Amino acid sequence: MVACCGDLSGKVRGKAFPLAQMEKRLKQGVGWTPTNVQITCFDAIAESPFGSLGDLVLIPDPSTRVSIESGEGTPKENFVLGNIRYTDGRPWELCTRSILEAALERLHRVAGVTLYGAFEHEFQLRHRVSDVGKAFTLGGFQEERHFCEAIIAAMREAGVTPDTILKEFGAGQFEVTMGPQKGVTIADHSLITRELVGLVARELCYEPTFTPIRDPAGVGNGVHVHMSMLDSSGNPVTYDPNGKHELSDVAGKFVAGILKYLDSIVAITAPSVVSYLRLTPHRWSAAFNNLGFRDREASVRICPISDISDIARAAQFNFEFRAADATANPHLALAAIVHAGVQGIEESLAVPEATQEDLSLLNPEALSERGYVRLPQTLEAALQRFQDNATVCGWFPEGFADVYLKHKEGEIAYLAGKTQTEICKAYEGVY
Ligand code: GLU
Ligand code: MG
C-alpha cells in the first residue's frame, strides 16, 4: 500500500508500507520530510526554507483508497491519499489537501453551501503522431477502445464514477471526465484518474502526456473544472431562471469573484512555463477574465442544460473553469478557485456580462474600459500578479506564498538556456 499526497508540482508522491500495517498507518501515518515540497516536476530541489530539518507525517484517508485487482493474486494497484500533518496532528501549512479543506470550509461558513463538481482532463498518447481525420470519430475511439475501456473499468474499481471518455480533436488526444462529487473528493478524483490513466497506459506500453501543450502549433490539453453548489439538504442552488445568465445570487457572486481574481490565481491553476503557450486566444482555452454563456473561449463558461433530459434543470446547471491544466495540483487549483469565489460572495460582486465578441481584437484601453484583463502571458508574470495580490496570498496559510514562489523559481531555473521546443519536450516528459 502506498500512502500518497499531491504536491506543489501536481505530482503524486508517497511511501509504501506492507498492507498488514494498514490499521497502524491510518493512525500514525508514514514519515514525511518538509523539503520534499520543493522537489519540482523536474526533480531539481528548489530553495527550501526547511533545509534538512523537520519531521512530518502523511496520514492516509481511508475513504480515498484505490485498490485495483490484477486477478493474479497480487493487486495491480494499491494506494491511498492523505494529509500531511505535524507530528502533533496539526495540518501542515503546505499540505495541499488541507488547503482545499480550509477553502471549502470558508465557502460553507460564508455562504452555507457545499461545492459539487468534477474535473475534465485532456491528454495525448505520445506514440499517436499522425492521427489526421480521427477527431471525435468512432474510428479514432475504436482504435483505442481497449485502452479507454480499461480506464473506465479502473475508475469504477477505484470508486470514481466515470462520465465520458472520447477521442478529442488533437493528434492522439483523448478526454476523460469524472462524475460530480462533493468537497475534497472532487480533487481527489482528479489525481486518482490521472494516476489510473498512467497505470493502464503503462500496461500497454503507451506513454500518455497531460502536458498543457506539446507544440504551440498544435492543440492544448486543458483541465476544465465543473462546479455547482448544494445547500445543506443537498438541493442544487446554482440555478435561478430569473438570475443573470440563469445564475443564482450566490453562484453569480462566486463566478464574479473568480473572474475578478483570475489573473492573480492562474499562477496556481496553470502553473508551468508552457501553460502560457496554451492560455492564448483562439485555442478554446482562456485568455481573458471573461464569462461566457456557453462560449468555449471564456475562462468561465456557463454550461448548457438540456430541456429534453429527465434530470431537473437545476441539478444539471453548472459552470466550468477553463484556465487550468494538469501541471497544477488539483487540490491547490480548486482551493484558489473556491477562495476567489468566496471573496466574490463576501464582496457581493455583480455578475459580469457574458462576452459575445472576440476580445483579442480589442486594444488594451478598450479592454480595460470594459473591465477585462488579458491573463498573464508568462509564468513569471503570473507569479508576479499572485505575489503582488495581498488578498490572494492571504487566503493561503502563513508561509505558503513564499514557498510556492521559490518552488516555481526552481522549476524555471531548470529550464534556463533551453529553446521553446526543448521546454515543451521537458514538460511533455514529466506530466
Ligand atoms: N483543448 C482545449 C483546451 O486546451 C479544450 C477543448 C474543449 O473545449 O474541450 O482547453
Ligand atoms: Mg475537450
# chains A, B, ... in the order shown; residues from 1 in each chain; ligands from 1
call {"tool": "select_by_dssp", "arguments": {"residues": "stretch 86-128 of chain A", "states": "alpha helix (DSSP H)", "output": "MDAnalysis selection string"}}
result
chainID A and resid 96:111
call {"tool": "write_last_selection", "arguments": {"atoms": "N, CA and C atoms", "output": "mmCIF file, in the first residue's frame"}}
result
data_model
loop_
_atom_site.group_PDB
_atom_site.id
_atom_site.type_symbol
_atom_site.label_atom_id
_atom_site.label_comp_id
_atom_site.auth_asym_id
_atom_site.auth_seq_id
_atom_site.Cartn_x
_atom_site.Cartn_y
_atom_site.Cartn_z
ATOM 1 N N THR A 96 -1.503 20.289 0.559
ATOM 2 C CA THR A 96 -2.435 20.791 -0.462
ATOM 3 C C THR A 96 -3.881 20.355 -0.179
ATOM 4 N N ARG A 97 -4.038 19.155 0.390
ATOM 5 C CA ARG A 97 -5.398 18.665 0.671
ATOM 6 C C ARG A 97 -6.016 19.471 1.831
ATOM 7 N N SER A 98 -5.186 19.796 2.818
ATOM 8 C CA SER A 98 -5.694 20.597 3.948
ATOM 9 C C SER A 98 -6.021 22.015 3.476
ATOM 10 N N ILE A 99 -5.250 22.520 2.510
ATOM 11 C CA ILE A 99 -5.514 23.866 1.983
ATOM 12 C C ILE A 99 -6.882 23.887 1.297
ATOM 13 N N LEU A 100 -7.193 22.824 0.554
ATOM 14 C CA LEU A 100 -8.518 22.764 -0.084
ATOM 15 C C LEU A 100 -9.616 22.609 0.977
ATOM 16 N N GLU A 101 -9.368 21.783 1.973
ATOM 17 C CA GLU A 101 -10.388 21.614 3.032
ATOM 18 C C GLU A 101 -10.715 22.965 3.669
ATOM 19 N N ALA A 102 -9.671 23.774 3.913
ATOM 20 C CA ALA A 102 -9.888 25.080 4.545
ATOM 21 C C ALA A 102 -10.698 26.000 3.616
ATOM 22 N N ALA A 103 -10.427 25.941 2.313
ATOM 23 C CA ALA A 103 -11.168 26.785 1.355
ATOM 24 C C ALA A 103 -12.641 26.376 1.322
ATOM 25 N N LEU A 104 -12.892 25.072 1.351
ATOM 26 C CA LEU A 104 -14.277 24.580 1.294
ATOM 27 C C LEU A 104 -15.025 24.914 2.589
ATOM 28 N N GLU A 105 -14.295 24.887 3.705
ATOM 29 C CA GLU A 105 -14.907 25.288 4.987
ATOM 30 C C GLU A 105 -15.287 26.765 4.943
ATOM 31 N N ARG A 106 -14.413 27.566 4.318
ATOM 32 C CA ARG A 106 -14.718 29.005 4.210
ATOM 33 C C ARG A 106 -15.983 29.213 3.377
ATOM 34 N N LEU A 107 -16.099 28.457 2.287
ATOM 35 C CA LEU A 107 -17.296 28.563 1.434
ATOM 36 C C LEU A 107 -18.543 28.218 2.249
ATOM 37 N N HIS A 108 -18.432 27.188 3.047
ATOM 38 C CA HIS A 108 -19.578 26.756 3.849
ATOM 39 C C HIS A 108 -19.910 27.786 4.922
ATOM 40 N N ARG A 109 -18.879 28.318 5.541
ATOM 41 C CA ARG A 109 -19.073 29.299 6.623
ATOM 42 C C ARG A 109 -19.715 30.575 6.066
ATOM 43 N N VAL A 110 -19.251 31.036 4.914
ATOM 44 C CA VAL A 110 -19.700 32.316 4.367
ATOM 45 C C VAL A 110 -21.057 32.182 3.677
ATOM 46 N N ALA A 111 -21.272 31.086 2.954
ATOM 47 C CA ALA A 111 -22.478 31.004 2.112
ATOM 48 C C ALA A 111 -23.383 29.827 2.466
#
call {"tool": "select_by_dssp", "arguments": {"residues": "stretch 219-392 of chain A", "states": "strand (DSSP E or B)", "output": "list in words"}}
result
Gly220, Val223, His224, Val225, His226, Met227, Ser228, Met229, Leu230, Pro236, Tyr239, Leu247, Phe288, Leu291, Gly292, Phe293, Val300, Arg301, Ile302, Phe319, Glu320, Phe321, Arg322, Ala323, Ala324, Ala354 and Arg374 of chain A
call {"tool": "closest_atom_pairs", "arguments": {"of": "chain A", "to": "ligand 1", "cutoff": "8 Å", "atoms": "only C-alpha atoms and all ligand atoms", "output": "JSON lines"}}
result
{"residue": "A:Glu122", "atom": "CA", "partner": "ligand 1", "partner_atom_place_in_ligand_line": "1 (N)", "distance": 6.9}
{"residue": "A:Glu168", "atom": "CA", "partner": "ligand 1", "partner_atom_place_in_ligand_line": "9 (O)", "distance": 7.4}
{"residue": "A:Phe169", "atom": "CA", "partner": "ligand 1", "partner_atom_place_in_ligand_line": "1 (N)", "distance": 7.6}
{"residue": "A:Gly170", "atom": "CA", "partner": "ligand 1", "partner_atom_place_in_ligand_line": "1 (N)", "distance": 7.9}
{"residue": "A:Glu175", "atom": "CA", "partner": "ligand 1", "partner_atom_place_in_ligand_line": "9 (O)", "distance": 7.8}
{"residue": "A:Pro212", "atom": "CA", "partner": "ligand 1", "partner_atom_place_in_ligand_line": "4 (O)", "distance": 7.1}
{"residue": "A:Ile213", "atom": "CA", "partner": "ligand 1", "partner_atom_place_in_ligand_line": "4 (O)", "distance": 7.9}
{"residue": "A:Val219", "atom": "CA", "partner": "ligand 1", "partner_atom_place_in_ligand_line": "1 (N)", "distance": 5.9}
{"residue": "A:Gly220", "atom": "CA", "partner": "ligand 1", "partner_atom_place_in_ligand_line": "4 (O)", "distance": 3.9}
{"residue": "A:Asn221", "atom": "CA", "partner": "ligand 1", "partner_atom_place_in_ligand_line": "4 (O)", "distance": 4.5}
{"residue": "A:Gly222", "atom": "CA", "partner": "ligand 1", "partner_atom_place_in_ligand_line": "10 (O)", "distance": 3.6}
{"residue": "A:Val223", "atom": "CA", "partner": "ligand 1", "partner_atom_place_in_ligand_line": "10 (O)", "distance": 6.3}
{"residue": "A:His224", "atom": "CA", "partner": "ligand 1", "partner_atom_place_in_ligand_line": "10 (O)", "distance": 7.0}
{"residue": "A:Arg278", "atom": "CA", "partner": "ligand 1", "partner_atom_place_in_ligand_line": "4 (O)", "distance": 6.4}
{"residue": "A:Leu279", "atom": "CA", "partner": "ligand 1", "partner_atom_place_in_ligand_line": "4 (O)", "distance": 7.9}
{"residue": "A:Arg283", "atom": "CA", "partner": "ligand 1", "partner_atom_place_in_ligand_line": "2 (C)", "distance": 6.2}
{"residue": "A:Trp284", "atom": "CA", "partner": "ligand 1", "partner_atom_place_in_ligand_line": "2 (C)", "distance": 5.1}
{"residue": "A:Ser285", "atom": "CA", "partner": "ligand 1", "partner_atom_place_in_ligand_line": "10 (O)", "distance": 4.0}
{"residue": "A:Ala286", "atom": "CA", "partner": "ligand 1", "partner_atom_place_in_ligand_line": "10 (O)", "distance": 7.5}
{"residue": "A:Arg296", "atom": "CA", "partner": "ligand 1", "partner_atom_place_in_ligand_line": "8 (O)", "distance": 5.7}
{"residue": "A:Arg322", "atom": "CA", "partner": "ligand 1", "partner_atom_place_in_ligand_line": "10 (O)", "distance": 6.2}
{"residue": "A:Ala323", "atom": "CA", "partner": "ligand 1", "partner_atom_place_in_ligand_line": "10 (O)", "distance": 7.5}
{"residue": "A:Ala324", "atom": "CA", "partner": "ligand 1", "partner_atom_place_in_ligand_line": "10 (O)", "distance": 7.9}
{"residue": "A:Asp325", "atom": "CA", "partner": "ligand 1", "partner_atom_place_in_ligand_line": "10 (O)", "distance": 7.8}
call {"tool": "residues_around", "arguments": {"residues": "A:Cys5", "least_positions_apart": "5", "cutoff": "8 Å", "atoms": "only C-alpha atoms", "output": "ChimeraX atom specification"}}
result
/A:12-14,58,81-84,97
call {"tool": "residues_around", "arguments": {"residues": "stretch 352-355 of chain A", "least_positions_apart": "4", "cutoff": "10 Å", "atoms": "only C-alpha atoms", "output": "ChimeraX atom specification"}}
result
/A:244-245,252-253,255-256,259-260,290-295,297-298,300-302,359,370-371
call {"tool": "residues_around", "arguments": {"residues": "A:Arg85", "least_positions_apart": "2", "cutoff": "7 Å", "atoms": "only C-alpha atoms", "output": "list in words"}}
result
Leu56, Val57, Leu58, Asn83, Thr87, Gly89, Arg90, Pro91 and Trp92 of chain A
call {"tool": "atom_distance", "arguments": {"atom1": "atom CA of A:Gln343", "atom2": "atom CA of A:Gly257"}}
result
5.8 Å
call {"tool": "residues_around", "arguments": {"residues": "A:Leu367", "least_positions_apart": "6", "cutoff": "12 Å", "atoms": "only C-alpha atoms", "output": "MDAnalysis selection string"}}
result
chainID A and resid 288:290 355 357:361 373:375
call {"tool": "write_last_selection", "arguments": {"atoms": "N, CA, C and O atoms", "output": "compact mmCIF listing (two decimals), in the first residue's frame"}}
result
# COMPACT_ATOMS: atom_id res chain seq x y z
N PHE A 288 -8.64 35.73 -21.39
CA PHE A 288 -9.11 36.94 -20.69
C PHE A 288 -9.94 36.51 -19.48
O PHE A 288 -10.37 35.36 -19.40
N ASN A 289 -10.23 37.47 -18.59
CA ASN A 289 -11.04 37.11 -17.42
C ASN A 289 -12.53 37.28 -17.75
O ASN A 289 -13.24 38.01 -17.08
N ASN A 290 -12.97 36.58 -18.79
CA ASN A 290 -14.35 36.79 -19.23
C ASN A 290 -15.26 35.61 -18.93
O ASN A 290 -14.82 34.47 -18.81
N THR A 355 -19.41 37.67 -22.56
CA THR A 355 -18.86 38.23 -23.80
C THR A 355 -19.40 37.48 -25.01
O THR A 355 -19.61 36.28 -24.98
N GLU A 357 -18.06 38.66 -28.11
CA GLU A 357 -17.16 39.10 -29.18
C GLU A 357 -15.76 38.55 -28.98
O GLU A 357 -15.47 37.96 -27.94
N ASP A 358 -14.91 38.78 -29.97
CA ASP A 358 -13.52 38.32 -29.90
C ASP A 358 -12.70 39.38 -29.16
O ASP A 358 -12.33 40.41 -29.73
N LEU A 359 -12.41 39.12 -27.90
CA LEU A 359 -11.72 40.13 -27.09
C LEU A 359 -10.29 40.38 -27.57
O LEU A 359 -9.72 41.43 -27.29
N SER A 360 -9.73 39.43 -28.32
CA SER A 360 -8.35 39.61 -28.77
C SER A 360 -8.25 40.73 -29.81
O SER A 360 -7.15 41.19 -30.13
N LEU A 361 -9.41 41.17 -30.35
CA LEU A 361 -9.39 42.25 -31.34
C LEU A 361 -9.39 43.63 -30.68
O LEU A 361 -9.20 44.65 -31.34
N VAL A 373 -9.16 41.99 -18.31
CA VAL A 373 -7.70 41.97 -18.37
C VAL A 373 -7.28 40.78 -19.22
O VAL A 373 -7.94 39.74 -19.24
N ARG A 374 -6.20 40.98 -19.95
CA ARG A 374 -5.56 39.86 -20.64
C ARG A 374 -4.84 39.08 -19.55
O ARG A 374 -4.15 39.68 -18.72
N LEU A 375 -5.00 37.79 -19.50
CA LEU A 375 -4.34 36.99 -18.48
C LEU A 375 -2.83 37.05 -18.70
O LEU A 375 -2.37 37.30 -19.82
call {"tool": "closest_residue", "arguments": {"among": "A:Asn78, A:Gln124, A:Thr164, A:Ser348", "to": "A:Leu199", "atoms": "only C-alpha atoms"}}
result
A:Asn78
call {"tool": "residues_around", "arguments": {"residues": "A:Gly410", "least_positions_apart": "6", "cutoff": "10 Å", "atoms": "only C-alpha atoms", "output": "PyMOL selection string"}}
result
chain A and resi 38-48+404
call {"tool": "write_last_selection", "arguments": {"atoms": "N, CA and C atoms", "output": "compact mmCIF listing (two decimals), in the first residue's frame"}}
result
# COMPACT_ATOMS: atom_id res chain seq x y z
N GLN A 38 9.68 20.99 -2.01
CA GLN A 38 10.42 21.77 -3.00
C GLN A 38 10.99 20.91 -4.13
N ILE A 39 10.61 19.64 -4.18
CA ILE A 39 11.01 18.82 -5.34
C ILE A 39 10.13 19.27 -6.50
N THR A 40 10.76 19.83 -7.52
CA THR A 40 9.98 20.33 -8.65
C THR A 40 9.59 19.18 -9.57
N CYS A 41 8.81 19.50 -10.60
CA CYS A 41 8.41 18.45 -11.54
C CYS A 41 9.61 17.85 -12.25
N PHE A 42 10.73 18.58 -12.27
CA PHE A 42 11.94 18.05 -12.91
C PHE A 42 12.89 17.41 -11.89
N ASP A 43 12.41 17.21 -10.68
CA ASP A 43 13.18 16.58 -9.60
C ASP A 43 14.32 17.44 -9.06
N ALA A 44 14.53 18.63 -9.61
CA ALA A 44 15.53 19.54 -9.04
C ALA A 44 14.89 20.14 -7.78
N ILE A 45 15.65 20.25 -6.72
CA ILE A 45 15.07 20.80 -5.47
C ILE A 45 15.23 22.31 -5.46
N ALA A 46 14.09 22.99 -5.36
CA ALA A 46 14.11 24.45 -5.29
C ALA A 46 14.57 24.86 -3.89
N GLU A 47 14.92 26.16 -3.76
CA GLU A 47 15.36 26.68 -2.45
C GLU A 47 14.31 26.36 -1.39
N SER A 48 14.77 25.78 -0.29
CA SER A 48 13.82 25.36 0.74
C SER A 48 14.10 26.06 2.05
N TYR A 404 5.83 28.60 -2.29
CA TYR A 404 5.31 28.34 -3.64
C TYR A 404 6.14 29.11 -4.69
call {"tool": "atom_distance", "arguments": {"atom1": "atom CA of A:Ile337", "atom2": "atom CA of A:Phe254"}}
result
9.2 Å
call {"tool": "closest_residue", "arguments": {"among": "A:Glu428, A:Asp163, A:Glu120, A:Asp402", "to": "ligand 2", "atoms": "only C-alpha atoms and all ligand atoms"}}
result
A:Glu120
call {"tool": "closest_residue", "arguments": {"among": "A:Ala135, A:Leu19, A:Met227, A:Cys4", "to": "A:Thr114", "atoms": "only C-alpha atoms"}}
result
A:Met227
call {"tool": "closest_residue", "arguments": {"among": "A:Tyr86, A:Phe123, A:Tyr427, A:Trp32", "to": "ligand 2", "atoms": "only C-alpha atoms and all ligand atoms"}}
result
A:Phe123
